[in-house]
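I have placed the structure first, in the form of structure tokens, so that the comments after it can refer back to it.
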Amino acid sequence: MLTKRIIPCLDIKDGRTVKGINFENIRDAGDPVELGAFYAEQGADELVFLDITATVEKRKTLSELVNKISHRINIPFTVGGGISSIEDVSVLLQNGADKISVNTAAFKNPALIAGLAREFGSQCVVLAIDTKQEADGEWYVYLNGGRTKTDMRCEDWARQAVDLGAGEILLTSMNHDGTKQGFALDITEKLATGLPVPVIASGGGGTMPHFVEVFTKGKADAALAASIFHFKEIAIPDLKQFLRDAGIEVRH
Amino acid sequence: MKLAIVKYNAGNIQSVLYALERIGMEAAVTDDHRVLSEADKVIFPGVGEASTAMQYLAERGLDTLLKNLTQPVLGICLGMQLMCNHSEENDTDCLGIFDTRVKRFTVDLKIPQIGWNSIEQTRGPLFEGIPAGAYTYFVHSYYAELCSETAAVTHYGAPFSSALQKNNFYGVQFHPEKSAAIGEQILRNFIRIK
């Protein structure tokens, strides 16, 4: 049976992992390659590396880093952050990334999704959506790392992107991100059951029962988290055991 | 040991090269007929689309070369599918090494299948020491039907051939190069085949 996936996310700035990471058993937890390899050994199913480097001239650093990661890590990984062209993606895939994620650039130019799917196949095109539930109860798409609101409903944009060729949706609820109060179950469930592609839930995972919930009630295909893994609040082997005990099939 | 990886217009070839490096093996990535023919083992990887890949192989005479190889050959993902008789992907006639057909998953499933799924009923040297139900990483929208050459079975909606074997030809639908320690063991097993 196809298993549910656990995906640690590493934020990268200027080639280094950011957020205060504290792992005494890793030589250099600021090194994305070392930290990624650690998670792979711990049983992570995939990794996401999100580049938050602001400047264009640092992009070369990213492709070099992706090359190092792909030499070292024996599980699939996605690279995202500031990707806006077929050329950007081509370089990352040639350096060994398995998938890339697009967000703001794809919203501003939806043809990018179709172009990427045609050129490289839907299987490597992940659409990342940052979404927020407003007072009217609707979930809207936000851009630029959550700084810019749009009038587009999350479900409408996700549907459109899948029709254009997105092969997977990485859904981050801004209402839940950082709260550790649990994932956004309703919007995750809507997308996961309504769309013909896998949905990765992100934002709000704080305890092991939250992960059970996002798979059972939220129907997510995968769950992504960052700080709870980085700060060792949850160890991946413990989480996998907890999920198995709850009757959820995970890789072990 | 001379290992050769078939170079053609498909993605993911670097990942296979790096995975081999991690288990201490070097490989030549080549479309040179002589290098491929003289290699001890040939790996035929790939992520891409069937008809354009077959056309590319045919234009370079690699289709005839591949099916006449006598050393162990390992097809991965699209590579394995191209070793079958026919693919529904753009109605493509393939190499005809494995006597089975490649079909698209039915529409009520999420397509592509992305993620870790278990391999059952494994047989042959590729799976020596691999526990039943081991998990490997899959990314695909098309699958090979079950047949007498099936060497591993995986369920996604229905059972399909997650591995095939006929004589010196081996094929896996999953990605051993991305399947953590299990994948590395399968690659090592392939390299050890006499």
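Every chain in the structure tokens takes a letter, A first, then B, and so on in the order presented; its residues are numbered from 1, and the ligands are numbered from 1 following the presented order.
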
Quick one: everything within 10 Å of B:Asn9, counting only C-alpha atoms, minus sequence neighbours fewer than 6 positions away in the same chain. Send it as a PDB file with C-alpha atoms, in the first residue's frame.
```
ATOM      1  CA  GLY B  46      14.943   7.457 -17.056  1.00  0.00           C
ATOM      2  CA  VAL B  47      12.022   9.671 -16.248  1.00  0.00           C
ATOM      3  CA  GLY B  48      10.195  11.000 -19.261  1.00  0.00           C
ATOM      4  CA  GLU B  49       7.709  10.251 -22.011  1.00  0.00           C
ATOM      5  CA  THR B  52       9.894  10.641 -27.603  1.00  0.00           C
ATOM      6  CA  ALA B  53      12.293   8.336 -25.753  1.00  0.00           C
ATOM      7  CA  MET B  54      11.689   5.446 -28.193  1.00  0.00           C
ATOM      8  CA  GLN B  55      12.121   7.760 -31.155  1.00  0.00           C
ATOM      9  CA  TYR B  56      15.411   9.033 -29.763  1.00  0.00           C
ATOM     10  CA  LEU B  57      16.671   5.489 -29.144  1.00  0.00           C
TER      11      LEU B  57
END
```

### Task
Within 8 Å of chain A, which residues of chain B are there when counting only C-alpha atoms? Please give them as number ranges by chain.
B: 11-12, 14-15, 18-19, 21-22, 48, 108-112, 114-118, 135, 139-140, 154-156, 177-181

### Non-local contacts of stretch 136-150 of chain A (6 Å; only C-alpha atoms; under 5 positions in same chain excluded) as a VMD selection string
chain A and resid 104 130 to 131

### Message
Quick one: residues within 12 Å of B:Asn68, only C-alpha atoms, excluding same-chain residues fewer than 2 positions away - as number ranges by chain?
### Response
B: 33, 36-37, 61-66, 70-73, 83, 95-97, 167-169

Generate the output file for the selected residues, N, CA and C atoms, as a CSV table (one decimal), in the first residue's frame.
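part-v4.csv was written with the following content:
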```
chain,number,residue,atom,x,y,z
B,33,HIS,N,27.9,2.9,-28.7
B,33,HIS,CA,27.5,1.5,-28.9
B,33,HIS,C,28.6,0.5,-28.3
B,36,LEU,N,28.7,0.5,-24.5
B,36,LEU,CA,27.6,-0.2,-23.9
B,36,LEU,C,27.7,-1.7,-24.1
B,37,SER,N,28.1,-2.1,-25.3
B,37,SER,CA,28.2,-3.5,-25.6
B,37,SER,C,29.3,-4.2,-24.8
B,61,GLY,N,20.0,3.9,-33.1
B,61,GLY,CA,20.2,2.5,-33.2
B,61,GLY,C,20.3,1.8,-31.8
B,62,LEU,N,20.0,2.6,-30.8
B,62,LEU,CA,20.1,2.1,-29.4
B,62,LEU,C,19.0,1.0,-29.1
B,63,ASP,N,17.9,1.1,-29.9
B,63,ASP,CA,16.8,0.2,-29.6
B,63,ASP,C,17.3,-1.3,-29.9
B,64,THR,N,17.9,-1.4,-31.1
B,64,THR,CA,18.4,-2.8,-31.5
B,64,THR,C,19.5,-3.2,-30.6
B,65,LEU,N,20.4,-2.3,-30.3
B,65,LEU,CA,21.5,-2.6,-29.4
B,65,LEU,C,21.1,-3.1,-28.0
B,66,LEU,N,20.1,-2.4,-27.4
B,66,LEU,CA,19.7,-2.7,-26.1
B,66,LEU,C,19.1,-4.1,-26.0
B,70,THR,N,23.8,-9.0,-23.9
B,70,THR,CA,23.8,-10.3,-23.2
B,70,THR,C,24.2,-10.3,-21.8
B,71,GLN,N,24.8,-9.1,-21.4
B,71,GLN,CA,25.2,-8.9,-20.0
B,71,GLN,C,24.0,-8.5,-19.2
B,72,PRO,N,24.0,-8.5,-17.8
B,72,PRO,CA,22.9,-8.0,-17.1
B,72,PRO,C,22.5,-6.6,-17.4
B,73,VAL,N,21.2,-6.3,-17.6
B,73,VAL,CA,20.7,-5.0,-17.9
B,73,VAL,C,19.6,-4.7,-16.9
B,83,MET,N,11.2,-1.4,-22.0
B,83,MET,CA,11.7,-2.8,-22.2
B,83,MET,C,10.5,-3.7,-22.5
B,95,LEU,N,10.5,-1.9,-26.7
B,95,LEU,CA,11.6,-2.8,-27.2
B,95,LEU,C,11.2,-4.3,-27.2
B,96,GLY,N,10.1,-4.7,-26.5
B,96,GLY,CA,9.6,-6.0,-26.6
B,96,GLY,C,10.5,-7.0,-25.9
B,97,ILE,N,11.2,-6.6,-24.9
B,97,ILE,CA,12.1,-7.6,-24.2
B,97,ILE,C,11.1,-8.3,-23.2
B,167,ASN,N,15.7,-13.7,-18.3
B,167,ASN,CA,17.1,-14.0,-18.6
B,167,ASN,C,18.0,-12.9,-18.0
B,168,ASN,N,18.8,-12.2,-18.8
B,168,ASN,CA,19.7,-11.2,-18.3
B,168,ASN,C,19.1,-9.9,-18.1
B,169,PHE,N,17.8,-9.7,-18.4
B,169,PHE,CA,17.1,-8.4,-18.3
B,169,PHE,C,16.3,-8.3,-17.0
```

### Between atom CA of B:Thr106 and atom CA of B:Asn90 - distance in Å to one decimal
15.9 Å

### Query
Quick one: residues within 10 Å of stretch 9-19 of chain A, only C-alpha atoms counted, chain neighbours fewer than 2 positions away excluded, as a PyMOL selection string?
chain A and resi 6-7+21-22+28-33+35-36+46-55+58-66+77-81+202+224-227+229-231

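Between atom CA of A:Asp151 and atom CA of A:Asp88 lies a distance of 27.9 Å.
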
### Message
Could you check the closest approach to B:Arg192 for each of B:Thr30, B:Arg60, B:Lys2, B:Leu126 and tell me which residue wins, using only C-alpha atoms?
### Response
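For B:Arg192, the nearest of the given residues is B:Leu126.
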
### Query
B:Gly24: which residues within 12 Å, counting only C-alpha atoms, same-chain residues fewer than 2 positions away excluded, as a PyMOL selection string?
chain B and resi 1+3+17-22+26-27+184+187-188+191
